[in-house]
$ cat run36.cif   # mmCIF, C-alpha atoms (C1' of nucleotides)
data_my_file
#
loop_
_atom_site.label_atom_id
_atom_site.label_comp_id
_atom_site.auth_asym_id
_atom_site.auth_seq_id
_atom_site.Cartn_x
_atom_site.Cartn_y
_atom_site.Cartn_z
CA MET A 1 -1.31 -6.66 -3.74
CA ALA A 2 -1.36 -9.64 -1.46
CA SER A 3 -4.29 -9.00 0.81
CA ASN A 4 -7.87 -9.25 -0.16
CA SER A 5 -8.78 -6.85 -2.94
CA ARG A 6 -11.32 -9.21 -4.51
CA LEU A 7 -14.31 -7.22 -3.31
CA ALA A 8 -12.94 -4.06 -4.88
CA ILE A 9 -12.30 -5.91 -8.13
CA ALA A 10 -15.77 -7.46 -8.06
CA ILE A 11 -17.42 -4.08 -7.53
CA HIS A 12 -15.31 -2.50 -10.24
CA THR A 13 -16.27 -5.33 -12.60
CA ALA A 14 -19.96 -5.03 -11.81
CA GLY A 15 -19.64 -1.29 -12.24
CA MET A 16 -18.26 -1.76 -15.73
CA LEU A 17 -21.19 -4.00 -16.58
CA ALA A 18 -23.56 -1.41 -15.14
CA VAL A 19 -22.14 1.31 -17.35
CA MET A 20 -22.29 -0.93 -20.42
CA LYS A 21 -25.69 -2.35 -19.53
CA ASP A 22 -27.25 -1.23 -22.80
CA CYS A 23 -24.36 -2.02 -25.08
CA GLY A 24 -24.63 -5.79 -25.25
CA HIS A 25 -22.15 -8.17 -23.73
CA LEU A 26 -18.74 -7.20 -22.43
CA SER A 27 -15.80 -9.58 -22.75
CA SER A 28 -13.56 -10.45 -19.83
CA ASP A 29 -10.61 -9.04 -21.75
CA LYS A 30 -12.23 -5.61 -21.95
CA ILE A 31 -13.14 -5.67 -18.27
CA ALA A 32 -9.65 -6.83 -17.32
CA GLU A 33 -8.20 -3.89 -19.20
CA SER A 34 -10.24 -1.38 -17.23
CA VAL A 35 -9.83 -3.17 -13.92
CA SER A 36 -6.12 -3.56 -14.68
CA THR A 37 -5.70 -7.23 -14.05
CA ASN A 38 -5.74 -10.53 -15.92
CA SER A 39 -8.85 -11.75 -17.72
CA VAL A 40 -8.75 -15.04 -15.83
CA VAL A 41 -9.05 -13.17 -12.56
CA ILE A 42 -12.12 -11.42 -13.94
CA ARG A 43 -13.64 -14.66 -15.21
CA ARG A 44 -13.17 -16.29 -11.81
CA ILE A 45 -15.04 -13.46 -10.14
CA ILE A 46 -17.71 -13.33 -12.81
CA GLY A 47 -18.20 -17.06 -12.32
CA LEU A 48 -19.20 -16.37 -8.72
CA LEU A 49 -21.50 -13.53 -9.76
CA VAL A 50 -23.17 -15.84 -12.30
CA LYS A 51 -23.61 -18.49 -9.62
CA HIS A 52 -25.56 -15.93 -7.59
CA ASN A 53 -27.65 -14.73 -10.52
CA LEU A 54 -26.16 -11.25 -10.62
CA VAL A 55 -24.61 -11.69 -14.05
CA GLU A 56 -25.36 -13.76 -17.14
CA VAL A 57 -22.79 -14.95 -19.61
CA GLN A 58 -22.93 -15.69 -23.31
CA MET A 59 -20.19 -17.78 -24.85
CA GLY A 60 -18.70 -17.58 -28.30
CA THR A 61 -18.09 -14.73 -30.71
CA GLY A 62 -19.67 -11.48 -29.58
CA GLY A 63 -20.28 -13.06 -26.21
CA GLY A 64 -19.39 -11.84 -22.76
CA SER A 65 -21.17 -10.79 -19.59
CA ARG A 66 -24.04 -8.53 -18.64
CA LEU A 67 -26.02 -7.79 -15.50
CA THR A 68 -29.24 -9.73 -14.98
CA ARG A 69 -30.89 -6.76 -13.25
CA ALA A 70 -30.83 -3.00 -13.35
CA PRO A 71 -27.89 -1.40 -11.45
CA ASN A 72 -30.27 0.09 -8.90
CA GLU A 73 -31.52 -3.37 -8.06
CA ILE A 74 -28.13 -4.84 -7.21
CA THR A 75 -26.62 -4.07 -3.82
CA LEU A 76 -23.00 -4.30 -2.76
CA ALA A 77 -24.09 -6.79 -0.10
CA GLU A 78 -25.09 -9.20 -2.85
CA ILE A 79 -21.68 -8.86 -4.44
CA TYR A 80 -19.96 -9.25 -1.06
CA LEU A 81 -21.90 -12.42 -0.29
CA ALA A 82 -21.40 -13.79 -3.80
CA LEU A 83 -17.66 -13.96 -3.17
CA GLU A 84 -18.36 -16.65 -0.58
CA GLU A 85 -15.40 -15.82 1.56
CA GLY A 86 -16.75 -17.25 4.78
CA ALA A 87 -16.68 -15.32 8.02
CA LEU A 88 -14.76 -12.06 7.97
CA PHE A 89 -12.93 -12.97 11.18
CA GLN A 90 -11.60 -16.42 11.87
CA VAL A 91 -12.29 -17.74 15.35
CA PRO A 92 -10.58 -21.13 15.66
CA MET A 93 -12.33 -23.32 18.20
CA LEU A 94 -10.47 -25.19 20.93
CA GLU A 95 -10.41 -28.90 21.52
CA GLU A 96 -12.55 -30.32 24.28
CA ALA A 97 -9.48 -31.55 26.08
CA HIS A 98 -8.40 -27.95 26.58
CA CYS A 99 -6.94 -26.85 29.89
CA CYS A 100 -9.95 -24.92 31.13
CA ASN A 101 -13.66 -24.49 30.51
CA LEU A 102 -13.29 -20.76 30.22
CA GLY A 103 -10.99 -21.12 27.25
CA ILE A 104 -13.41 -23.45 25.48
CA THR A 105 -16.47 -21.36 26.23
CA VAL A 106 -15.08 -17.99 25.23
CA ARG A 107 -14.50 -18.87 21.58
CA PRO A 108 -18.12 -19.38 20.51
CA VAL A 109 -18.97 -16.15 22.30
CA ILE A 110 -16.26 -14.28 20.41
CA ALA A 111 -17.47 -15.83 17.15
CA GLU A 112 -21.02 -14.73 17.90
CA VAL A 113 -20.04 -11.18 18.73
CA LEU A 114 -17.83 -10.77 15.67
CA GLN A 115 -20.56 -12.25 13.51
CA GLU A 116 -22.89 -9.54 14.77
CA ALA A 117 -20.33 -6.91 13.83
CA GLU A 118 -19.98 -8.35 10.33
CA SER A 119 -23.77 -8.31 10.00
CA GLU A 120 -23.81 -4.60 10.70
CA MET A 121 -21.35 -4.09 7.90
CA ILE A 122 -23.47 -6.16 5.53
CA LYS A 123 -26.53 -4.13 6.49
CA LYS A 124 -24.66 -1.03 5.37
CA LEU A 125 -23.70 -2.68 2.08
CA GLN A 126 -27.35 -3.62 1.54
CA LYS A 127 -28.19 0.06 1.42
CA ILE A 128 -25.73 0.79 -1.39
CA THR A 129 -26.61 -0.18 -4.95
CA LEU A 130 -24.41 -0.34 -8.02
CA ALA A 131 -26.33 2.67 -9.31
CA ASP A 132 -25.33 4.64 -6.20
CA VAL A 133 -21.69 3.84 -6.82
CA MET A 134 -21.92 4.84 -10.49
CA GLN A 135 -23.66 8.08 -9.53
CA LYS A 136 -20.81 8.92 -7.15
CA VAL A 137 -18.33 8.23 -9.93
CA LYS A 138 -20.30 10.46 -12.30
CA ASN A 139 -20.33 13.25 -9.72
CA ARG A 140 -16.56 13.03 -9.40
CA LEU A 141 -16.10 13.16 -13.13
CA ILE A 142 -18.33 16.24 -13.32
CA GLU A 143 -16.41 17.89 -10.48
CA SER A 144 -13.13 17.29 -12.22
CA GLY A 145 -14.54 18.70 -15.46
CA VAL A 146 -13.93 15.55 -17.46
CA PHE A 147 -17.59 14.89 -17.83
CA LYS A 148 -20.08 17.65 -18.55
CA GLU A 149 -23.45 17.69 -16.86
CA LYS A 150 -26.53 18.00 -19.02
CA THR A 151 -28.25 21.37 -18.59
CA MET B 1 -4.86 -21.38 10.91
CA ALA B 2 -3.55 -19.21 8.13
CA SER B 3 -6.13 -16.47 7.86
CA ASN B 4 -6.58 -13.71 10.26
CA SER B 5 -7.52 -14.95 13.71
CA ARG B 6 -5.59 -12.23 15.47
CA LEU B 7 -8.68 -10.35 16.57
CA ALA B 8 -10.12 -13.47 18.16
CA ILE B 9 -6.83 -14.13 19.93
CA ALA B 10 -6.60 -10.52 21.10
CA ILE B 11 -10.12 -10.57 22.51
CA HIS B 12 -9.48 -13.92 24.19
CA THR B 13 -6.27 -12.51 25.68
CA ALA B 14 -7.97 -9.37 26.94
CA GLY B 15 -10.76 -11.56 28.30
CA MET B 16 -8.25 -13.54 30.33
CA LEU B 17 -6.84 -10.32 31.74
CA ALA B 18 -10.37 -9.15 32.54
CA VAL B 19 -11.12 -12.31 34.49
CA MET B 20 -7.83 -12.08 36.37
CA LYS B 21 -8.07 -8.33 36.85
CA ASP B 22 -7.84 -8.56 40.66
CA CYS B 23 -5.23 -11.30 40.86
CA GLY B 24 -2.13 -9.30 39.95
CA HIS B 25 -0.19 -9.76 36.75
CA LEU B 26 -0.64 -12.64 34.34
CA SER B 27 2.33 -14.04 32.45
CA SER B 28 2.25 -14.55 28.69
CA ASP B 29 2.89 -18.26 29.28
CA LYS B 30 -0.32 -18.61 31.30
CA ILE B 31 -2.32 -16.70 28.71
CA ALA B 32 -0.81 -18.73 25.88
CA GLU B 33 -1.89 -21.91 27.64
CA SER B 34 -5.52 -20.79 27.80
CA VAL B 35 -5.52 -19.27 24.32
CA SER B 36 -3.78 -22.37 23.04
CA THR B 37 -0.92 -20.76 21.18
CA ASN B 38 2.67 -19.74 21.71
CA SER B 39 3.68 -17.16 24.32
CA VAL B 40 5.49 -15.12 21.68
CA VAL B 41 2.27 -14.75 19.72
CA ILE B 42 0.62 -13.47 22.89
CA ARG B 43 3.46 -11.07 23.64
CA ARG B 44 3.27 -9.69 20.10
CA ILE B 45 -0.42 -8.93 20.53
CA ILE B 46 0.01 -7.61 24.07
CA GLY B 47 2.69 -5.29 22.72
CA LEU B 48 0.06 -3.67 20.51
CA LEU B 49 -2.44 -3.44 23.37
CA VAL B 50 0.23 -1.76 25.52
CA LYS B 51 0.97 0.70 22.72
CA HIS B 52 -2.69 1.72 22.81
CA ASN B 53 -2.86 1.95 26.60
CA LEU B 54 -5.23 -0.94 27.04
CA VAL B 55 -2.75 -3.09 28.94
CA GLU B 56 0.24 -2.44 31.17
CA VAL B 57 3.18 -4.75 31.58
CA GLN B 58 5.57 -5.37 34.44
CA MET B 59 8.83 -7.07 33.65
CA GLY B 60 10.84 -9.41 35.82
CA THR B 61 9.89 -12.06 38.34
CA GLY B 62 6.20 -12.01 39.22
CA GLY B 63 5.62 -9.72 36.30
CA GLY B 64 3.17 -9.99 33.44
CA SER B 65 0.22 -8.05 32.08
CA ARG B 66 -2.94 -6.45 33.40
CA LEU B 67 -5.66 -4.21 32.04
CA THR B 68 -5.26 -0.48 32.56
CA ARG B 69 -9.00 -0.01 32.89
CA ALA B 70 -12.05 -1.89 34.12
CA PRO B 71 -13.43 -4.46 31.64
CA ASN B 72 -16.61 -2.43 31.22
CA GLU B 73 -14.52 0.51 30.05
CA ILE B 74 -12.76 -1.32 27.24
CA THR B 75 -14.61 -1.89 23.98
CA LEU B 76 -13.90 -4.41 21.28
CA ALA B 77 -13.46 -1.50 18.88
CA GLU B 78 -10.41 -0.38 20.84
CA ILE B 79 -8.94 -3.85 20.58
CA TYR B 80 -9.77 -4.03 16.87
CA LEU B 81 -8.11 -0.70 16.19
CA ALA B 82 -5.11 -1.55 18.38
CA LEU B 83 -4.19 -4.34 16.00
CA GLU B 84 -3.44 -1.69 13.38
CA GLU B 85 -4.34 -3.86 10.45
CA GLY B 86 -5.16 -1.09 8.04
CA ALA B 87 -8.35 -1.00 6.04
CA LEU B 88 -10.45 -4.15 6.14
CA PHE B 89 -10.74 -4.16 2.35
CA GLN B 90 -7.86 -3.39 0.07
CA VAL B 91 -8.66 -1.11 -2.85
CA PRO B 92 -5.53 -0.82 -4.98
CA MET B 93 -5.47 2.46 -6.89
CA LEU B 94 -4.73 2.65 -10.60
CA GLU B 95 -1.95 4.54 -12.28
CA GLU B 96 -2.74 7.82 -13.93
CA ALA B 97 -1.72 6.42 -17.28
CA HIS B 98 -4.63 4.00 -17.08
CA CYS B 99 -6.72 3.31 -20.15
CA CYS B 100 -9.80 5.27 -19.11
CA ASN B 101 -10.93 7.93 -16.67
CA LEU B 102 -13.74 5.76 -15.45
CA GLY B 103 -11.34 3.11 -14.24
CA ILE B 104 -9.25 5.65 -12.35
CA THR B 105 -12.22 7.41 -10.82
CA VAL B 106 -14.10 4.37 -9.63
CA ARG B 107 -11.43 3.17 -7.23
CA PRO B 108 -11.55 6.05 -4.74
CA VAL B 109 -15.33 5.78 -4.78
CA ILE B 110 -15.15 2.07 -3.98
CA ALA B 111 -12.64 2.78 -1.23
CA GLU B 112 -14.94 5.42 0.25
CA VAL B 113 -17.96 3.17 0.21
CA LEU B 114 -16.15 0.20 1.75
CA GLN B 115 -14.68 2.48 4.38
CA GLU B 116 -18.20 3.49 5.35
CA ALA B 117 -19.15 -0.17 5.67
CA GLU B 118 -16.15 -0.86 7.89
CA SER B 119 -17.10 2.12 10.03
CA GLU B 120 -20.52 0.60 10.65
CA MET B 121 -18.85 -2.53 11.88
CA ILE B 122 -16.58 -0.56 14.19
CA LYS B 123 -19.59 1.29 15.57
CA LYS B 124 -21.06 -2.05 16.52
CA LEU B 125 -17.80 -3.09 18.20
CA GLN B 126 -17.82 0.18 20.13
CA LYS B 127 -21.03 -0.91 21.81
CA ILE B 128 -19.54 -4.17 23.10
CA THR B 129 -17.25 -4.09 26.13
CA LEU B 130 -14.98 -6.78 27.48
CA ALA B 131 -17.38 -7.03 30.42
CA ASP B 132 -20.22 -7.83 28.02
CA VAL B 133 -18.21 -10.64 26.48
CA MET B 134 -17.32 -12.07 29.87
CA GLN B 135 -20.95 -11.89 30.96
CA LYS B 136 -21.99 -13.88 27.90
CA VAL B 137 -19.34 -16.46 28.74
CA LYS B 138 -20.58 -16.63 32.32
CA ASN B 139 -24.14 -17.14 31.11
CA ARG B 140 -23.03 -20.02 28.92
CA LEU B 141 -21.19 -21.64 31.79
CA ILE B 142 -24.26 -21.32 34.00
CA GLU B 143 -26.46 -22.80 31.26
CA SER B 144 -24.16 -25.76 30.87
CA GLY B 145 -24.13 -26.29 34.63
CA VAL B 146 -20.39 -25.90 34.98
CA PHE B 147 -20.73 -22.67 36.86
CA LYS B 148 -23.38 -22.18 39.53
CA GLU B 149 -25.23 -18.92 39.81
CA LYS B 150 -25.34 -17.22 43.19
CA THR B 151 -28.79 -17.34 44.74
"C1'" DT C 1 23.33 -14.56 41.97
"C1'" DG C 2 19.56 -17.25 40.14
"C1'" DA C 3 14.92 -17.58 38.71
"C1'" DA C 4 11.05 -15.67 36.34
"C1'" DC C 5 9.56 -12.58 33.39
"C1'" DT C 6 9.29 -9.51 28.78
"C1'" DG C 7 10.80 -7.84 24.11
"C1'" DT C 8 12.33 -8.97 19.88
"C1'" DA C 9 14.90 -11.01 16.08
"C1'" DA C 10 15.21 -14.82 13.03
"C1'" DC C 11 13.58 -18.68 10.79
"C1'" DT C 12 10.19 -22.16 9.00
"C1'" DA C 13 5.77 -23.75 7.33
"C1'" DC C 14 1.40 -22.89 5.64
"C1'" DT C 15 -2.16 -20.47 3.22
"C1'" DC C 16 -4.27 -16.95 0.39
"C1'" DT C 17 -4.24 -14.08 -3.54
"C1'" DG C 18 -3.22 -12.60 -7.91
"C1'" DA C 19 -0.74 -13.30 -12.38
"C1'" DT C 20 0.03 -16.11 -16.09
"C1'" DT C 21 -0.12 -19.84 -19.50
"C1'" DA C 22 -2.55 -23.30 -21.68
"C1'" DC C 23 -6.24 -25.64 -23.64
"C1'" DA C 24 -10.90 -27.65 -24.33
"C1'" DG C 25 -15.52 -26.35 -25.36
"C1'" DA C 26 -19.25 -23.03 -27.03
"C1'" DC C 27 -20.90 -20.01 -30.33
"C1'" DT C 28 -21.13 -16.88 -34.49
"C1'" DA C 29 -20.45 -15.48 -39.00
"C1'" DA C 30 -18.68 -15.94 -43.42
"C1'" DT D 1 -17.73 -26.25 -42.61
"C1'" DT D 2 -14.21 -23.52 -40.90
"C1'" DA D 3 -11.97 -19.73 -38.73
"C1'" DG D 4 -12.23 -16.61 -35.18
"C1'" DT D 5 -13.91 -15.04 -30.67
"C1'" DC D 6 -15.37 -15.97 -26.51
"C1'" DT D 7 -15.75 -18.60 -21.69
"C1'" DG D 8 -14.43 -22.08 -18.11
"C1'" DT D 9 -10.99 -24.13 -15.74
"C1'" DA D 10 -6.74 -26.47 -14.48
"C1'" DA D 11 -2.01 -25.88 -13.35
"C1'" DT D 12 1.84 -23.36 -11.85
"C1'" DC D 13 4.52 -19.43 -9.86
"C1'" DA D 14 5.59 -15.55 -6.94
"C1'" DG D 15 4.65 -12.50 -3.11
"C1'" DA D 16 2.71 -11.46 1.35
"C1'" DG D 17 0.72 -12.35 5.82
"C1'" DT D 18 0.26 -15.29 9.92
"C1'" DA D 19 1.39 -18.50 13.32
"C1'" DG D 20 4.69 -21.40 15.51
"C1'" DT D 21 9.15 -21.95 17.35
"C1'" DT D 22 13.79 -21.16 19.11
"C1'" DA D 23 17.00 -18.18 20.94
"C1'" DC D 24 18.79 -14.62 23.59
"C1'" DA D 25 19.44 -10.03 25.74
"C1'" DG D 26 17.43 -7.15 29.23
"C1'" DT D 27 14.56 -6.43 33.61
"C1'" DT D 28 13.11 -7.37 38.16
"C1'" DC D 29 12.76 -9.62 42.56
"C1'" DA D 30 14.00 -12.69 46.36
#

$ encode --input "run36.cif" --output "structure tokens"
Amino acid sequence: MASNSRLAIAIHTAGMLAVMKDCGHLSSDKIAESVSTNSVVIRRIIGLLVKHNLVEVQMGTGGGSRLTRAPNEITLAEIYLALEEGALFQVPMLEEAHCCNLGITVRPVIAEVLQEAESEMIKKLQKITLADVMQKVKNRLIESGVFKEKT
Amino acid sequence: MASNSRLAIAIHTAGMLAVMKDCGHLSSDKIAESVSTNSVVIRRIIGLLVKHNLVEVQMGTGGGSRLTRAPNEITLAEIYLALEEGALFQVPMLEEAHCCNLGITVRPVIAEVLQEAESEMIKKLQKITLADVMQKVKNRLIESGVFKEKT
DNA sequence: TGAACTGTAACTACTCTGATTACAGACTAA
DNA sequence: TTAGTCTGTAATCAGAGTAGTTACAGTTCA
């Protein structure tokens, strides 16, 4: 699990908070158990979500985290951007003393083009809310018979 | 330069080949000089481009690489996919013995949703050809006065 | 044959991520 | 007031990916 699974963990975490929205605060230990990782990892991610006003935290006994908004008002794009990972693709620039102008000029162009591609991805994430994700999960549970639909 | 700049390097490399399309083969040393890296790094990337029929290589004296198609027939999506990096976002699955069904079920849903987002990005890359990139570079060179437009 | 190439293995250095431990500080309830 | 339950955060470790580099066998051409 070396490469970047932080977004998946962040969405899973936010999903847990969405499910438990009406049950008070949820501790990082409980979340870590469901997400299957260490509570510190969860707290680090929650720290970023708090910084971007997606989650609020209460310290002390009975404390924990909860969403600041309804699940249908939080998009995956907000979670993605909250992680503050910088550009998706690295485009190292070249020094001015480089061998040729073409080499120097091509990098900003590549950066621009890849930035546009990343923006398209973010646009897609903007259209998906936490509620959408939880609904998909619910549908799967119903399909598998674990969860019974109300009639 | 630890994180993933391979796509930028691959596009830069293919861009070099596009510019030199009519000047025979280009050696990995020459490309490495412009891209500002080691020739082995270039050969590793070119190997992947060859595997996906974007580039052809001739060994021996006077050998090197060249594009198999015209620059306006090669999209950035093809280059992106040629790098074979797997999914953009890792979504580690949970073991069946996990504490709750919700935790197990949410992961495939997250994977599906992120896959859709990546697909949107690839769609954008499909609309951009190597020729487009080179045209943008040319425009920048003209703007900066380094390269004079034909009148 | 010698020079100019590629392909590839092997190794090092660096960075990112996640896992873990540890501990100070905040808060609640008895 | 005190014990217990939380968070926030620093510090450290291990594993994985990437780039950089050297080295060398194989290919091709003059």

$ atom_distance --input "run36.cif" --atom1 "atom CA of A:Met121" --atom2 "atom CA of A:Glu85"
14.6 Å

$ interface_residues --input "run36.cif" --of "chain C" --to "chain B" --cutoff "6 Å" --atoms "only C-alpha atoms (C1' of nucleotides)" --output "list in words"
DA4, DC5, DT6 and DT15 of chain C

$ atom_distance --input "run36.cif" --atom1 "atom CA of B:Val55" --atom2 "atom CA of B:Thr68"
5.1 Å

$ closest_residue --input "run36.cif" --among "D:DC13, D:DA19, D:DC6, D:DC24" --to "chain B" --atoms "all atoms listed in the file"
D:DA19

$ closest_residue --input "run36.cif" --among "A:Asp22, A:Glu56, A:Asp132, A:Glu33" --to "chain D" --atoms "all atoms listed in the file"
A:Glu56

$ residues_around --input "run36.cif" --residues "D:DT22" --least-positions-apart "6" --cutoff "12 Å" --atoms "only C-alpha atoms (C1' of nucleotides)" --output "PyMOL selection string"
(chain B and resi 38+40) or (chain C and resi 9-12)

$ closest_atom_pairs --input "run36.cif" --of "chain A" --to "chain B" --cutoff "6 Å" --atoms "only C-alpha atoms" --output "CSV"
residue,atom,partner,partner_atom,distance
A:Asn4,CA,B:Gln90,CA,5.9
A:Ser5,CA,B:Gln90,CA,4.7
A:Ala8,CA,B:Val91,CA,5.6
A:Ser34,CA,B:Gly103,CA,5.5
A:Gln90,CA,B:Ser5,CA,4.7
A:Val91,CA,B:Ala8,CA,5.6
A:Gly103,CA,B:Ser34,CA,5.5
A:Val106,CA,B:Val137,CA,5.7
A:Ala117,CA,B:Met121,CA,5.0
A:Glu120,CA,B:Met121,CA,5.5
A:Met121,CA,B:Met121,CA,5.0
A:Lys124,CA,B:Ala117,CA,5.6
A:Val137,CA,B:Val106,CA,5.7

$ write_last_selection --input "run36.cif" --atoms "C-alpha atoms" --output "mmCIF file, in the frame of the given file"
data_model
loop_
_atom_site.group_PDB
_atom_site.id
_atom_site.type_symbol
_atom_site.label_atom_id
_atom_site.label_comp_id
_atom_site.auth_asym_id
_atom_site.auth_seq_id
_atom_site.Cartn_x
_atom_site.Cartn_y
_atom_site.Cartn_z
ATOM 1 C CA ASN A 4 -7.870 -9.250 -0.160
ATOM 2 C CA SER A 5 -8.780 -6.850 -2.940
ATOM 3 C CA ALA A 8 -12.940 -4.060 -4.880
ATOM 4 C CA SER A 34 -10.240 -1.380 -17.230
ATOM 5 C CA GLN A 90 -11.600 -16.420 11.870
ATOM 6 C CA VAL A 91 -12.290 -17.740 15.350
ATOM 7 C CA GLY A 103 -10.990 -21.120 27.250
ATOM 8 C CA VAL A 106 -15.080 -17.990 25.230
ATOM 9 C CA ALA A 117 -20.330 -6.910 13.830
ATOM 10 C CA GLU A 120 -23.810 -4.600 10.700
ATOM 11 C CA MET A 121 -21.350 -4.090 7.900
ATOM 12 C CA LYS A 124 -24.660 -1.030 5.370
ATOM 13 C CA VAL A 137 -18.330 8.230 -9.930
#

$ atom_distance --input "run36.cif" --atom1 "atom C1' of C:DA26" --atom2 "atom CA of A:Glu78"
28.5 Å

$ decode --input "run36.cif" --residues "stretch 3-27 of chain D" --atoms "C-alpha atoms (C1' of nucleotides)" --output "compact mmCIF listing (two decimals), in the first residue's frame"
# COMPACT_ATOMS: atom_id res chain seq x y z
C1' DA D 3 -10.04 9.66 36.25
C1' DG D 4 -11.11 8.49 31.79
C1' DT D 5 -11.81 9.55 26.90
C1' DC D 6 -10.82 12.02 23.26
C1' DT D 7 -7.76 14.94 19.73
C1' DG D 8 -3.40 16.94 17.82
C1' DT D 9 1.06 16.22 16.69
C1' DA D 10 5.89 14.89 16.76
C1' DA D 11 9.06 11.25 15.92
C1' DT D 12 10.50 7.07 13.93
C1' DC D 13 10.37 2.92 10.88
C1' DA D 14 9.48 0.15 6.84
C1' DG D 15 8.10 -0.42 2.09
C1' DA D 16 7.55 1.16 -2.59
C1' DG D 17 8.26 4.06 -6.57
C1' DT D 18 11.23 7.10 -9.32
C1' DA D 19 15.23 9.04 -11.19
C1' DG D 20 20.08 8.93 -11.85
C1' DT D 21 24.07 6.39 -12.96
C1' DT D 22 27.26 2.80 -14.46
C1' DA D 23 28.07 -1.15 -16.98
C1' DC D 24 27.79 -4.28 -20.59
C1' DA D 25 25.91 -7.35 -24.21
C1' DG D 26 23.79 -7.09 -28.68
C1' DT D 27 22.81 -4.63 -33.25
